[in-house]
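Data block below; observations after.
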Amino acid sequence: MEQRAQSGFSKKLLQYLNDSPTAYHAVENAAAHLRENGYQELKETEKWVLEQGGRYFVTKNGSCIIAFAIGDGSPAEKGFRIIGAHTDSPGLKIKPDACTVTPDGYVKVNVEIYGGVILSTWFDRPLALAGRVIVREGRGLREKLVRIHKPVLMIPNLCIHFHREVNDKCSYNKQTEMLPFLSMKKENVEKGDYLLCLIEEETGIKREDILDHELFLYEYQEGIFAGREGEFISASRIDDLAMVYAGLTALTESRDGGSSYKVFAAFDNEEVGSASAQGARSGFLLHTLDRICKNLGLTEEEYFQAVASSTSISADTAHAVHPNYSDRHDPESRPVLGGGPVIKYSASQRYSTTAVGAAHFMEICARAGVPCQKFVNRNDIAGGSTIGPAISSLTTIPTVDIGIPILAMHSVREFGAAADNVYTEMAFQAYYEEREEFGDKDGV
Ligand code: ZN
């Protein structure tokens, strides 16, 4: 596995992480990968004409994507095999009125905290800027992706001499201490123009045409292989673009699963609760499944059969045991880096795994020759959640929560083992290639 960990797959994964600084870029790159592999783009607003054996994808808000491959039978018999992940990552988002000029002449950028960020990790790192701008074009509006891949921003730490307790307590005021610094004040530049001038200079988009923006900061330094053997990955946005990439490549690399329908969905806004039009709590997935069935001429009754015959995997990163904080894990539930994908359990349903779903995933891993691990939180640590409960409750499709184990989750730079990504992609391929429906419809 060490050799496979440094395989073409891991290199391409690292490239995908580096090329996708925001959810918009993650979706754009996913769409390019799908087109290269024969998938045809559908527009939500246009009439769909789907064909047996066809491969398609549709996007929402430029930050959410659903791709599917139509099998050779009716979904009423074998259902859909769904893998879901999320395109967003915690970070710093630029506020609408972006710039502040301090009395000392510094130009600071006003940011909003997006999701559960480990704030300290954003200090003293050259930061770049990416996202989308909405521009006026003729009588209409147009969305344009932008990426200023230059170290234009920085949040410097306060020196230890003014802050001797810095190593004893690590708390930051989200409003006043997280503002990156862009430049020194210039004569004849209006406060509102510093950011717009930068965008105009770097992208050629005229600042007077920019009506609004959704821009995020990201770490300028790219992700790398790390460790004695290069067996680890140190990169931004492993949560959850590593699982997006594994699901996406499993979709395009797997043999067609005969009569079952393969679906891959990557949603936005998981890190802030998934309640948006492009999030997992929207109707987008269920509407798409419904639309596929109706387009292929299924009756309403057959649509309900299709949904009831489907299974789903919610793929999101999991907590590896940290060698310096090993007491934060349950004594018997201790996933490690390199040990394979982790099945996540929660009695309170913060993860949607049932024993049936877990058993199914274990069987898939066994068939693929992939090890797998289990995780459950300590009872005195609440832990996080995923898109799993949203998908399972909205669609009623049984969903198992799994993911690669990582360290430093929600740091600007996360840490995982290359091998776990390879293992997970192998398991996903085996899931998509499964020819028989799981279990007995009268039983489990
Ligand atoms: Zn996640």
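By order of appearance in the structure tokens: chains A, B, ..., then residues from 1 within every chain, and ligands from 1 in the order shown.
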At a cut-off of 7 Å, can you tabulate as a Markdown table every residue of chain A near ligand 1 together with its closest atom pair and the distance in Å to one decimal, using only C-alpha atoms and all ligand atoms and ordering rows by chain then number?
| residue | atom | partner | partner_atom_place_in_ligand_line | distance |
| --- | --- | --- | --- | --- |
| A:His86 | CA | ligand 1 | 1 (Zn) | 6.6 |
| A:Asp239 | CA | ligand 1 | 1 (Zn) | 4.7 |
| A:Asp240 | CA | ligand 1 | 1 (Zn) | 4.8 |
| A:Glu270 | CA | ligand 1 | 1 (Zn) | 6.9 |
| A:Glu271 | CA | ligand 1 | 1 (Zn) | 6.7 |
| A:Asp316 | CA | ligand 1 | 1 (Zn) | 4.9 |
| A:Thr317 | CA | ligand 1 | 1 (Zn) | 5.6 |
| A:Thr386 | CA | ligand 1 | 1 (Zn) | 6.4 |
Next, dump the selected residues to file, keeping only C-alpha atoms, as a tab-separated table (two decimals), in the first residue's frame.
chain	number	residue	atom	x	y	z
A	86	HIS	CA	-19.50	18.28	0.74
A	239	ASP	CA	-12.33	17.88	4.81
A	240	ASP	CA	-14.15	17.23	2.61
A	270	GLU	CA	-22.27	21.42	5.36
A	271	GLU	CA	-19.97	23.37	7.66
A	316	ASP	CA	-16.89	12.91	5.31
A	317	THR	CA	-13.63	12.96	7.20
A	386	THR	CA	-22.31	15.32	8.59
Determine which residues of segment 285-441 of chain A DSSP labels as helix (DSSP H, G or I) from the backbone of this structure, then write them out as a PyMOL selection string.
chain A and resi 285-295+300-308+326-328+355-368+388-395+418-433
Proximity check segment 17-71 of chain A to segment 130-139 of chain A, 7 Å, nearest pairs one decimal Å, only C-alpha atoms, as JSON lines:
{"residue": "A:Pro21", "atom": "CA", "partner": "A:Ala130", "partner_atom": "CA", "distance": 6.6}
{"residue": "A:Thr22", "atom": "CA", "partner": "A:Gly131", "partner_atom": "CA", "distance": 6.1}
{"residue": "A:Tyr24", "atom": "CA", "partner": "A:Gly131", "partner_atom": "CA", "distance": 6.6}
Near Leu217 of chain A, counting only C-alpha atoms, which residues have an atom at most 7 Å away, once you skip same-chain residues fewer than 4 positions from it, shown as number ranges by chain?
A: 91-93, 127-130
Find the spatial neighbours of Glu28 of chain A, counting only C-alpha atoms, within a cut-off of 12 Å - ignore same-chain residues fewer than 6 positions away - and output them as JSON, numbers by chain.
{"A": [16, 19, 20, 21, 22, 34, 35, 41, 57, 58, 59, 60, 61, 62, 63, 64, 65, 87, 131, 132, 144, 145, 146, 266]}
Long-range neighbours of segment 186-198 of chain A as JSON, numbers by chain, 12 Å cut-off, only C-alpha atoms, 5 positions minimum in chain
{"A": [94, 95, 96, 97, 98, 99, 100, 101, 102, 105, 106, 107, 108, 109, 110, 128, 129, 130, 133, 146, 147, 148, 149, 150, 152, 153, 181, 203, 204, 205, 206, 207, 208, 209, 210, 211, 212, 213, 215]}
